[in-house]
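Participant: This is the structure I want to talk about, given as structure tokens.
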Amino acid sequence: MTDFSNAEPVLEIKNLSVDYGFTESAAHVLRGVNLTLHEGEVLGLAGESGCGKSTLVYGATRLLPPPGLITGGEVWIKGTNGERRDLLKLTDKALREQRWVDEAVVFQGAMNSLNPVYRVGHQIKDAIQAHRPDWDKQKLQNRAVELMDMVGISPDRLESFPHQLSGGMRQRVMIAMALALEPKVLIMDEPTTALDVVMQRQIVQQITDLRKKLGFAVIFITHDMSLLIEIADRIAIMYAGQIIEDGPAMDLYNHARHPYTRGLINSFPPLHGPRRELGGIPGTPPDMATLGDGCPFADRCAYVHEACHSYEVSLKETGLLGDRKQHVVGCLLYEELKKGKGLPEALAKERI
Ligand SMILES: Nc1ncnc2c1ncn2[C@@H]1O[C@H](COP(=O)(O)OP(=O)(O)OP(=O)(O)O)[C@@H](O)[C@H]1O
């Protein structure tokens with residue numbers, strides 16, 4: 001786990017908002033999200049199902065399917081050529097040209113998106129050739145072999161059809177394709193969810209090793225907090241279309257500030273140390289189409305008080321001793337703390 005906060009940002013999502021639908025009944029699924037990924041960093045994005053993780057990364061890369069609509073924001077990417085551009089302002093042509101080159105996305109269930117009627121090698125080479133039309137057959141073949149080697153699959157498998165590969169192998173092929181043009185940013189949306197635990201571990205280890213070797217930055221989406229704590233340098237927690245806590249991975253794990261983050265962490269067995277009882281989070285995330293004002297977690301929060309119903313989430317440092325500047329949280333309790341009101345006793349006792 002490394003501190004990348006002084007490294008240059010490679011992807012900056014600023015105030016990004018997304019609606020599903022156009023009419024008055026549109027659901028405001030992403031509400032002014034800010035998130036920065038630094039060069040070489042592994043940023044974990046966690047939160048319950050439906051909190052907007054996929055919408056965030058697909059919105060930021062303009063891969064959002066209809067009826068998703070970006071209603072505001074900026075997404076600055078530092079391209080492989082060093083130039084910074086706002087992805088939301090690029091023409092479709094410019095977008096197609098920079099995709100795979102500057103950033104690549106491995107979708108949820110990507111292993112099922114290989115075309116069943118073409119050999120794996122053909123598909124890898126096709127993807128590369130779309131961006132490198134001047135490469136001859138031999139060069140494409142060499143790169144395909146190199147990529148298979150890189151993800152630990154025998155290059156003979158370039159001749160296989162997707163159905164002849166296991167799920168884990170297909171997922172590795174997708175990772176190889178994503179890395180084919182050496183992007184600086186790799187976005188992975190639950191890349192291991194459909195795989196068994198052993199395969200999950202192997203693939204996560206492989207991504208970690210490749211990142212060290214090639215130096216790209218990663219946004220890794222998962223529900224699995226214990227996995228993130230192992231692999232991420234930094235973790236951002238999403239709830240109801242907003243980031244509600246963001247900090248260095250170990251700080252966030254050991255000193256989770258938001259009651260929702262604490263709930264998420266307590267839903268997974270601890271990695272080290274004494275066993276503790278697992279607790280869930282009562283209730284379910286709110287319906288984004290009917291979400292009103294105030295903290296969206298208020299209805300499920302054990303520490304809720306009147307003012308939370310009109311609190312507008314904004315990420316700030318807690319001011320608590322030992323908290324680092326890079327650790328921010330959007331919870332009224334910490335604003336009250338700064339006013340000298342103190343934390344509720346139960347919250348103050350846990351994991352401070
Ligand atoms: N096509 C759609 N039309 C309307 N609402 C949608 C559509 N797709 C997603 N949503 C809503 O957007 C919200 C965010 O969904 P999203 O898939 O981004 O969440 P997520 O955190 O990635 O969930 P998961 O972990 O299950 O993938 C959810 O409330 C979902 O119901």
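Ordering of the structure tokens sets the chain letters (A, B, ...), residue numbers begin anew at 1 in every chain, and ligands are numbered from 1 in the order given.
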Skip Cys301 of chain A itself and residues of its chain fewer than 5 positions away, then list as a list in words all residues within 9 Å of it, counting only C-alpha atoms.
Facilitator: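 Once the nearby chain positions are removed, what remains is Pro259, Tyr260, Ile281 and Pro282 of chain A.
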Participant: Mind listing the residues within 9 Å of ligand 1, only C-alpha atoms and all ligand atoms counted, as an mmCIF file with N, CA and C atoms, in the first residue's frame?
Facilitator:
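The resulting part-v7.cif:
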data_model
loop_
_atom_site.group_PDB
_atom_site.id
_atom_site.type_symbol
_atom_site.label_atom_id
_atom_site.label_comp_id
_atom_site.auth_asym_id
_atom_site.auth_seq_id
_atom_site.Cartn_x
_atom_site.Cartn_y
_atom_site.Cartn_z
ATOM 1 N N ASP A 19 -28.258 11.240 -14.928
ATOM 2 C CA ASP A 19 -29.670 10.891 -14.721
ATOM 3 C C ASP A 19 -29.986 9.654 -15.541
ATOM 4 N N TYR A 20 -30.936 8.867 -15.071
ATOM 5 C CA TYR A 20 -31.541 7.849 -15.933
ATOM 6 C C TYR A 20 -32.907 8.376 -16.299
ATOM 7 N N GLY A 21 -33.108 8.673 -17.565
ATOM 8 C CA GLY A 21 -34.395 9.207 -18.029
ATOM 9 C C GLY A 21 -34.322 10.705 -18.232
ATOM 10 N N ALA A 26 -37.132 11.454 -13.957
ATOM 11 C CA ALA A 26 -35.755 10.961 -14.107
ATOM 12 C C ALA A 26 -35.136 10.701 -12.732
ATOM 13 N N ALA A 27 -34.353 9.619 -12.666
ATOM 14 C CA ALA A 27 -33.661 9.325 -11.401
ATOM 15 C C ALA A 27 -32.279 9.985 -11.449
ATOM 16 N N HIS A 28 -31.966 10.816 -10.446
ATOM 17 C CA HIS A 28 -30.652 11.470 -10.390
ATOM 18 C C HIS A 28 -29.696 10.483 -9.712
ATOM 19 N N VAL A 29 -29.100 9.651 -10.534
ATOM 20 C CA VAL A 29 -28.366 8.501 -9.996
ATOM 21 C C VAL A 29 -26.956 8.870 -9.550
ATOM 22 N N LEU A 30 -26.371 9.863 -10.194
ATOM 23 C CA LEU A 30 -25.054 10.357 -9.769
ATOM 24 C C LEU A 30 -25.201 11.830 -9.490
ATOM 25 N N ALA A 46 -16.121 1.037 -3.537
ATOM 26 C CA ALA A 46 -16.999 0.049 -2.912
ATOM 27 C C ALA A 46 -18.323 0.680 -2.511
ATOM 28 N N GLY A 47 -19.289 -0.154 -2.252
ATOM 29 C CA GLY A 47 -20.624 0.304 -1.874
ATOM 30 C C GLY A 47 -21.607 -0.793 -2.252
ATOM 31 N N GLU A 48 -22.776 -0.772 -1.629
ATOM 32 C CA GLU A 48 -23.765 -1.800 -1.935
ATOM 33 C C GLU A 48 -24.217 -1.720 -3.390
ATOM 34 N N SER A 49 -24.875 -2.789 -3.815
ATOM 35 C CA SER A 49 -25.415 -2.833 -5.162
ATOM 36 C C SER A 49 -26.399 -1.675 -5.378
ATOM 37 N N GLY A 50 -26.295 -1.018 -6.514
ATOM 38 C CA GLY A 50 -27.243 0.044 -6.847
ATOM 39 C C GLY A 50 -26.823 1.422 -6.355
ATOM 40 N N CYS A 51 -25.631 1.537 -5.756
ATOM 41 C CA CYS A 51 -25.250 2.856 -5.237
ATOM 42 C C CYS A 51 -24.602 3.728 -6.317
ATOM 43 N N GLY A 52 -24.351 3.166 -7.498
ATOM 44 C CA GLY A 52 -23.909 4.004 -8.621
ATOM 45 C C GLY A 52 -22.467 3.804 -9.051
ATOM 46 N N LYS A 53 -21.822 2.720 -8.605
ATOM 47 C CA LYS A 53 -20.409 2.524 -8.944
ATOM 48 C C LYS A 53 -20.223 2.367 -10.459
ATOM 49 N N SER A 54 -21.028 1.486 -11.047
ATOM 50 C CA SER A 54 -20.888 1.271 -12.499
ATOM 51 C C SER A 54 -21.268 2.534 -13.251
ATOM 52 N N THR A 55 -22.342 3.194 -12.817
ATOM 53 C CA THR A 55 -22.762 4.425 -13.493
ATOM 54 C C THR A 55 -21.625 5.443 -13.471
ATOM 55 N N LEU A 56 -20.906 5.503 -12.362
ATOM 56 C CA LEU A 56 -19.804 6.461 -12.252
ATOM 57 C C LEU A 56 -18.721 6.173 -13.294
ATOM 58 N N VAL A 57 -18.266 4.927 -13.361
ATOM 59 C CA VAL A 57 -17.147 4.675 -14.281
ATOM 60 C C VAL A 57 -17.594 4.659 -15.742
ATOM 61 N N TYR A 58 -18.811 4.202 -16.011
ATOM 62 C CA TYR A 58 -19.269 4.214 -17.404
ATOM 63 C C TYR A 58 -19.613 5.638 -17.832
ATOM 64 N N PRO A 65 -24.850 3.292 -21.235
ATOM 65 C CA PRO A 65 -25.911 3.000 -22.198
ATOM 66 C C PRO A 65 -27.158 3.838 -21.913
ATOM 67 N N PRO A 66 -28.013 4.124 -22.915
ATOM 68 C CA PRO A 66 -29.251 4.825 -22.656
ATOM 69 C C PRO A 66 -30.136 3.982 -21.728
ATOM 70 N N PRO A 67 -30.987 4.551 -20.906
ATOM 71 C CA PRO A 67 -31.338 5.965 -20.845
ATOM 72 C C PRO A 67 -30.421 6.809 -19.961
ATOM 73 N N GLY A 68 -29.189 6.350 -19.689
ATOM 74 C CA GLY A 68 -28.258 7.130 -18.868
ATOM 75 C C GLY A 68 -27.849 8.401 -19.593
ATOM 76 N N GLN A 108 -18.174 -5.600 -16.142
ATOM 77 C CA GLN A 108 -18.760 -6.675 -15.335
ATOM 78 C C GLN A 108 -19.105 -7.808 -16.303
ATOM 79 N N ASP A 189 -14.644 -3.359 -13.449
ATOM 80 C CA ASP A 189 -15.916 -3.399 -12.740
ATOM 81 C C ASP A 189 -16.176 -4.842 -12.294
ATOM 82 N N GLU A 190 -15.964 -5.105 -11.040
ATOM 83 C CA GLU A 190 -16.134 -6.438 -10.461
ATOM 84 C C GLU A 190 -15.557 -7.522 -11.376
ATOM 85 N N ILE A 221 -13.637 -1.903 -8.915
ATOM 86 C CA ILE A 221 -14.958 -1.881 -8.267
ATOM 87 C C ILE A 221 -15.270 -3.254 -7.697
ATOM 88 N N THR A 222 -15.699 -3.292 -6.475
ATOM 89 C CA THR A 222 -16.122 -4.565 -5.883
ATOM 90 C C THR A 222 -17.003 -4.299 -4.671
ATOM 91 N N HIS A 223 -17.764 -5.339 -4.284
ATOM 92 C CA HIS A 223 -18.499 -5.247 -3.028
ATOM 93 C C HIS A 223 -17.599 -5.694 -1.885
ATOM 94 N N MET A 238 -19.052 4.605 -1.963
ATOM 95 C CA MET A 238 -20.206 5.275 -2.586
ATOM 96 C C MET A 238 -21.485 4.878 -1.903
ATOM 97 N N TYR A 239 -22.377 5.847 -1.801
ATOM 98 C CA TYR A 239 -23.719 5.565 -1.309
ATOM 99 C C TYR A 239 -24.690 6.491 -2.012
ATOM 100 N N ALA A 240 -25.748 5.920 -2.557
ATOM 101 C CA ALA A 240 -26.806 6.695 -3.207
ATOM 102 C C ALA A 240 -26.254 7.770 -4.163
ATOM 103 N N GLY A 241 -25.341 7.345 -5.021
ATOM 104 C CA GLY A 241 -24.874 8.244 -6.079
ATOM 105 C C GLY A 241 -23.886 9.305 -5.647
ATOM 106 N N PRO A 285 -30.649 0.486 0.372
ATOM 107 C CA PRO A 285 -30.373 1.824 -0.181
ATOM 108 C C PRO A 285 -31.661 2.466 -0.702
ATOM 109 N N PRO A 286 -31.723 3.786 -0.719
ATOM 110 C CA PRO A 286 -32.956 4.456 -1.127
ATOM 111 C C PRO A 286 -33.218 4.348 -2.623
ATOM 112 N N ASP A 287 -34.457 4.539 -3.003
ATOM 113 C CA ASP A 287 -34.820 4.580 -4.417
ATOM 114 C C ASP A 287 -34.384 5.939 -4.964
ATOM 115 N N MET A 288 -33.481 5.917 -5.945
ATOM 116 C CA MET A 288 -32.894 7.172 -6.429
ATOM 117 C C MET A 288 -33.919 8.066 -7.133
ATOM 118 N N ALA A 289 -35.005 7.454 -7.608
ATOM 119 C CA ALA A 289 -36.005 8.248 -8.328
ATOM 120 C C ALA A 289 -36.821 9.120 -7.371
#
Participant: Identify all residues of segment 143-331 of chain A in alpha helix (DSSP H) (DSSP on the backbone) and supply them as a ChimeraX atom specification.
Facilitator: /A:143-150,167-179,197-214,225-231,249-254,259-266
Participant: Figure out the distance between atom CA of Ser5 of chain A and atom CA of Gly340 of chain A, please, to one decimal in Å.
Facilitator: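 Between these atoms lies a distance of 29.4 Å.
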Participant: Any chance you could tabulate, as a tab-separated table, the residues of segment 27-47 of chain A at most 12 Å from segment 320-335 of chain A with each one's nearest atom pair and distance in Å to one decimal, using only C-alpha atoms, in chain and rising number order?
Facilitator:
residue	atom	partner	partner_atom	distance
A:Asn34	CA	A:Val328	CA	11.9
A:Leu35	CA	A:Val328	CA	11.6
A:Thr36	CA	A:Gln326	CA	11.2
Participant: To one decimal place, how far is atom CA of Leu63 of chain A from atom CA of Arg234 of chain A in Å?
Facilitator: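 Separating atom CA of Leu63 of chain A from atom CA of Arg234 of chain A is a distance of 24.2 Å.
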Participant: Name the residues in contact with Ala178 of chain A at a cut-off of 9 Å, using only C-alpha atoms, excluding same-chain residues fewer than 4 positions from it; report them as a list of chain:residue names.
Facilitator: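 With the cut-off at 9 Å, the set is A:Trp100, A:Glu103, A:Ala104, A:Val105, A:Val106, A:Val173, A:Met174, A:Glu182, A:Pro183, A:Leu186.
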Participant: Fewer than 3 positions away in the same chain doesn't count, so skip those; otherwise give me all residues within 8 Å of Ala110 of chain A, counting only C-alpha atoms, as an MDAnalysis selection string.
Facilitator: chainID A and resid 106:107 113:114 171 174 191
Participant: Got time to write the residues from that selection, C-alpha atoms, as a PDB file, in the first residue's frame?
Facilitator:
ATOM      1  CA  VAL A 106     -12.979  -4.422 -18.186  1.00  0.00           C
ATOM      2  CA  PHE A 107     -16.743  -4.701 -17.827  1.00  0.00           C
ATOM      3  CA  SER A 113     -18.289 -10.689 -24.124  1.00  0.00           C
ATOM      4  CA  LEU A 114     -15.758 -12.517 -26.313  1.00  0.00           C
ATOM      5  CA  GLN A 171     -11.312 -13.173 -17.968  1.00  0.00           C
ATOM      6  CA  MET A 174     -10.080  -9.712 -21.461  1.00  0.00           C
ATOM      7  CA  PRO A 191     -13.676  -8.350 -12.639  1.00  0.00           C
TER       8      PRO A 191
END
Participant: Quick one: contact table of segment 42-155 of chain A to segment 224-233 of chain A, 8 Å max, nearest atom pair and distance in Å to one decimal per residue, counting only C-alpha atoms, chain and number order, as a tab-separated table?
Facilitator:
residue	atom	partner	partner_atom	distance
A:Val42	CA	A:Ala232	CA	5.0
A:Leu43	CA	A:Ala232	CA	5.6
A:Gly44	CA	A:Ala232	CA	5.5
A:Ala46	CA	A:Met225	CA	7.0
Participant: Which is closest to Val10 of chain A among A:Tyr311, A:Tyr253, A:Phe161, A:Phe216, if we use only C-alpha atoms?
Facilitator: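 Ranking A:Tyr311, A:Tyr253, A:Phe161, A:Phe216 by distance to Val10 of chain A, first place goes to A:Phe216.
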Participant: Can you pull out the residues contacting segment 192-194 of chain A? Cut-off 9 Å, using only C-alpha atoms, and skip same-chain residues under 6 positions away; I want them as a list of chain:residue names.
Facilitator: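 So, after excluding close chain neighbours, the residues are A:Gln108, A:Gly109, A:Gly167, A:Gly168, A:Gln171, A:Gln200, A:Arg201, A:Ile203, A:Val204, A:Thr222.
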